[in-house]
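*Asks:* I'd like to ask you about the structure that follows.
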Amino acid sequence: VRIGSGVYAVYAHMITGSVRVKLGDRVQTGQELGLLGNSGNTSAPHLHFGLIDGRGLLSSDSLPFVIDRFTFQGIAEVLETNEVSITGRPREVREAYPLHNSVGDFSP
């Protein structure tokens with residue numbers, strides 16, 4: 001999603017065919033763009049989100065960013081049974097970047 005001049009938002013691991021927008025559409029904060037998936041070499045559904053400075057995922061550089069608000073749900077860990085365990089206390093977070101393996105609720 002192009003969000004500014006030379007700034008693109010990347011949403012990776014969405015379910016193939018679930019994307020609800022197309023090239024040229026305008027999107028709004030809170031709009032559902034597609035469904036979270038489990039594509040690639042992964043053990044559970046998750047989202048890789050980032051900002052980059054060009055249209056090509058592999059040919060662009062990452063850009064720094066913070067998220068204005070989200071609810072931290074906990075830290076995810078894959079158990080030996082391949083089940084996912086989430087530990088921690090849910091809490092509201094403002095102007096931060098989610099930590100590695102953190103689970104967040106970004107709904108409005």
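Chain identifiers are assigned as A, B, and so on, following the order in which chains appear in the structure tokens; residues are numbered from 1 within each chain, and ligands are numbered from 1 in order of appearance.
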Do you have, as a tab-separated table, the list of residues of range 11-81 of chain A lying at most 10 Å from range 103-108 of chain A, each with its nearest atom pair and that distance in Å to one decimal, counting only C-alpha atoms and ordered by chain then number?

*Replies:*
```
residue	atom	partner	partner_atom	distance
A:Thr29	CA	A:Pro108	CA	8.4
A:Gly30	CA	A:Pro108	CA	6.0
A:Gln31	CA	A:Pro108	CA	9.4
A:Glu32	CA	A:Ser107	CA	9.5
A:His46	CA	A:Val103	CA	8.9
A:Leu47	CA	A:Val103	CA	9.9
A:Ile67	CA	A:Phe106	CA	9.1
A:Asp68	CA	A:Phe106	CA	9.8
A:Arg69	CA	A:Phe106	CA	7.5
A:Phe70	CA	A:Phe106	CA	4.9
A:Thr71	CA	A:Asp105	CA	5.0
A:Phe72	CA	A:Gly104	CA	4.5
A:Gln73	CA	A:Gly104	CA	5.3
A:Gly74	CA	A:Val103	CA	5.4
A:Ile75	CA	A:Val103	CA	5.9
A:Ala76	CA	A:Val103	CA	6.5
```

*Asks:* Which residues are close to range 55-59 of chain A, i.e. within 12 Å by only C-alpha atoms, leaving aside same-chain residues fewer than 6 positions away? Reply as a PyMOL selection string.

*Replies:* chain A and resi 1-12+48-49

*Asks:* Next, the residues of the selection above should be written as a compact mmCIF listing (two decimals), in the first residue's frame with N, CA and C atoms.

*Replies:*
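As written to disk, selection_31.txt reads:
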```txt
# COMPACT_ATOMS: atom_id res chain seq x y z
N VAL A 1 0.86 -1.17 0.00
CA VAL A 1 0.00 0.00 0.00
C VAL A 1 0.91 1.24 0.00
N ARG A 2 0.73 2.11 -1.00
CA ARG A 2 1.51 3.36 -1.01
C ARG A 2 0.85 4.31 -0.02
N ILE A 3 1.63 4.77 0.96
CA ILE A 3 1.07 5.67 1.98
C ILE A 3 1.65 7.06 1.91
N GLY A 4 2.57 7.28 1.01
CA GLY A 4 3.17 8.59 0.83
C GLY A 4 4.19 8.53 -0.30
N SER A 5 4.78 9.66 -0.60
CA SER A 5 5.78 9.71 -1.66
C SER A 5 6.99 8.87 -1.25
N GLY A 6 7.21 7.77 -1.95
CA GLY A 6 8.34 6.90 -1.66
C GLY A 6 8.20 6.09 -0.39
N VAL A 7 6.99 5.94 0.14
CA VAL A 7 6.76 5.15 1.36
C VAL A 7 5.63 4.16 1.10
N TYR A 8 5.94 2.88 1.28
CA TYR A 8 4.99 1.80 1.04
C TYR A 8 4.87 0.93 2.28
N ALA A 9 3.65 0.52 2.60
CA ALA A 9 3.40 -0.42 3.69
C ALA A 9 3.33 -1.82 3.11
N VAL A 10 4.01 -2.77 3.76
CA VAL A 10 4.04 -4.16 3.32
C VAL A 10 3.30 -5.02 4.34
N TYR A 11 2.40 -5.86 3.84
CA TYR A 11 1.67 -6.82 4.67
C TYR A 11 1.98 -8.20 4.10
N ALA A 12 2.75 -9.01 4.81
CA ALA A 12 3.17 -10.31 4.28
C ALA A 12 2.54 -11.46 5.05
N HIS A 48 3.81 -10.14 8.88
CA HIS A 48 5.02 -9.33 8.82
C HIS A 48 4.59 -8.00 8.23
N PHE A 49 4.74 -6.94 9.00
CA PHE A 49 4.37 -5.60 8.54
C PHE A 49 5.62 -4.74 8.56
```

*Asks:* Quick one: residues within 8 Å of Ser18 in chain A, only C-alpha atoms counted, chain neighbours fewer than 2 positions away excluded, as a PyMOL selection string?

*Replies:* chain A and resi 14-16+20+34-35

*Asks:* May I have the selected residues written with C-alpha atoms, as a short mmCIF file (atom, residue, chain, number, x, y, z; two decimals), in the first residue's frame?

*Replies:*
```
data_model
loop_
_atom_site.label_atom_id
_atom_site.label_comp_id
_atom_site.auth_asym_id
_atom_site.auth_seq_id
_atom_site.Cartn_x
_atom_site.Cartn_y
_atom_site.Cartn_z
CA MET A 14 -1.89 -12.92 4.03
CA ILE A 15 -4.16 -15.70 2.73
CA THR A 16 -3.85 -16.01 -1.03
CA ARG A 20 -9.94 -7.03 -0.71
CA GLY A 34 -7.36 -9.09 3.64
CA LEU A 35 -7.04 -12.07 5.94
#
```

*Asks:* Which residue out of A:Ala44, A:Val21, A:Leu51, A:Val66 has the minimum interatomic distance to Val78 in chain A when only C-alpha atoms are used?

*Replies:*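 For Val78 in chain A, the nearest of the candidates is A:Ala44.
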
*Asks:* List every residue of chain A that DSSP, applied to the backbone, labels as strand (DSSP E or B), and write the result as a PyMOL selection string.

*Replies:* chain A and resi 2-4+7-12+14+36+48-52+62-63+67-78+84-87+91-96+102-105

*Asks:* If I take CA of Ser62 in chain A and CA of Asp25 in chain A, how far is one from the other in Å, to one decimal?

*Replies:*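 Separation of CA of Ser62 in chain A and CA of Asp25 in chain A: 23.5 Å.
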
*Asks:* Provide the CA of Glu95 in chain A to CA of Phe65 in chain A distance in Å, to one decimal place.

*Replies:* 9.2 Å

*Asks:* When you draw a straight line from CA of Lys22 in chain A to CA of Ile52 in chain A, how long is it in Å?

*Replies:* 19.1 Å

*Asks:* Which residues are close to Thr81 in chain A, i.e. within 12 Å by only C-alpha atoms, leaving aside same-chain residues fewer than 4 positions away? Reply as a JSON list (two decimals) with all heavy atoms, in the first residue's frame.

*Replies:*
```json
[["chain", "number", "residue", "atom", "x", "y", "z"],
["A", 43, "SER", "N", 5.08, -21.70, 11.08],
["A", 43, "SER", "CA", 4.42, -22.69, 11.92],
["A", 43, "SER", "C", 3.06, -22.23, 12.40],
["A", 43, "SER", "O", 2.31, -23.02, 12.98],
["A", 43, "SER", "CB", 5.31, -23.02, 13.12],
["A", 43, "SER", "OG", 5.60, -21.85, 13.85],
["A", 77, "GLU", "N", 5.00, -18.30, 21.86],
["A", 77, "GLU", "CA", 6.04, -19.32, 21.85],
["A", 77, "GLU", "C", 5.45, -20.59, 21.25],
["A", 77, "GLU", "O", 4.34, -20.99, 21.62],
["A", 77, "GLU", "CB", 6.53, -19.59, 23.27],
["A", 77, "GLU", "CG", 7.53, -20.69, 23.37],
["A", 77, "GLU", "CD", 7.92, -21.01, 24.82],
["A", 77, "GLU", "OE1", 7.32, -20.45, 25.74],
["A", 77, "GLU", "OE2", 8.81, -21.85, 24.98],
["A", 85, "SER", "N", 1.67, -20.94, 22.48],
["A", 85, "SER", "CA", 1.34, -20.46, 23.82],
["A", 85, "SER", "C", 1.59, -18.96, 23.86],
["A", 85, "SER", "O", 2.62, -18.48, 23.37],
["A", 85, "SER", "CB", 2.22, -21.16, 24.86],
["A", 85, "SER", "OG", 2.09, -20.56, 26.12]]
```
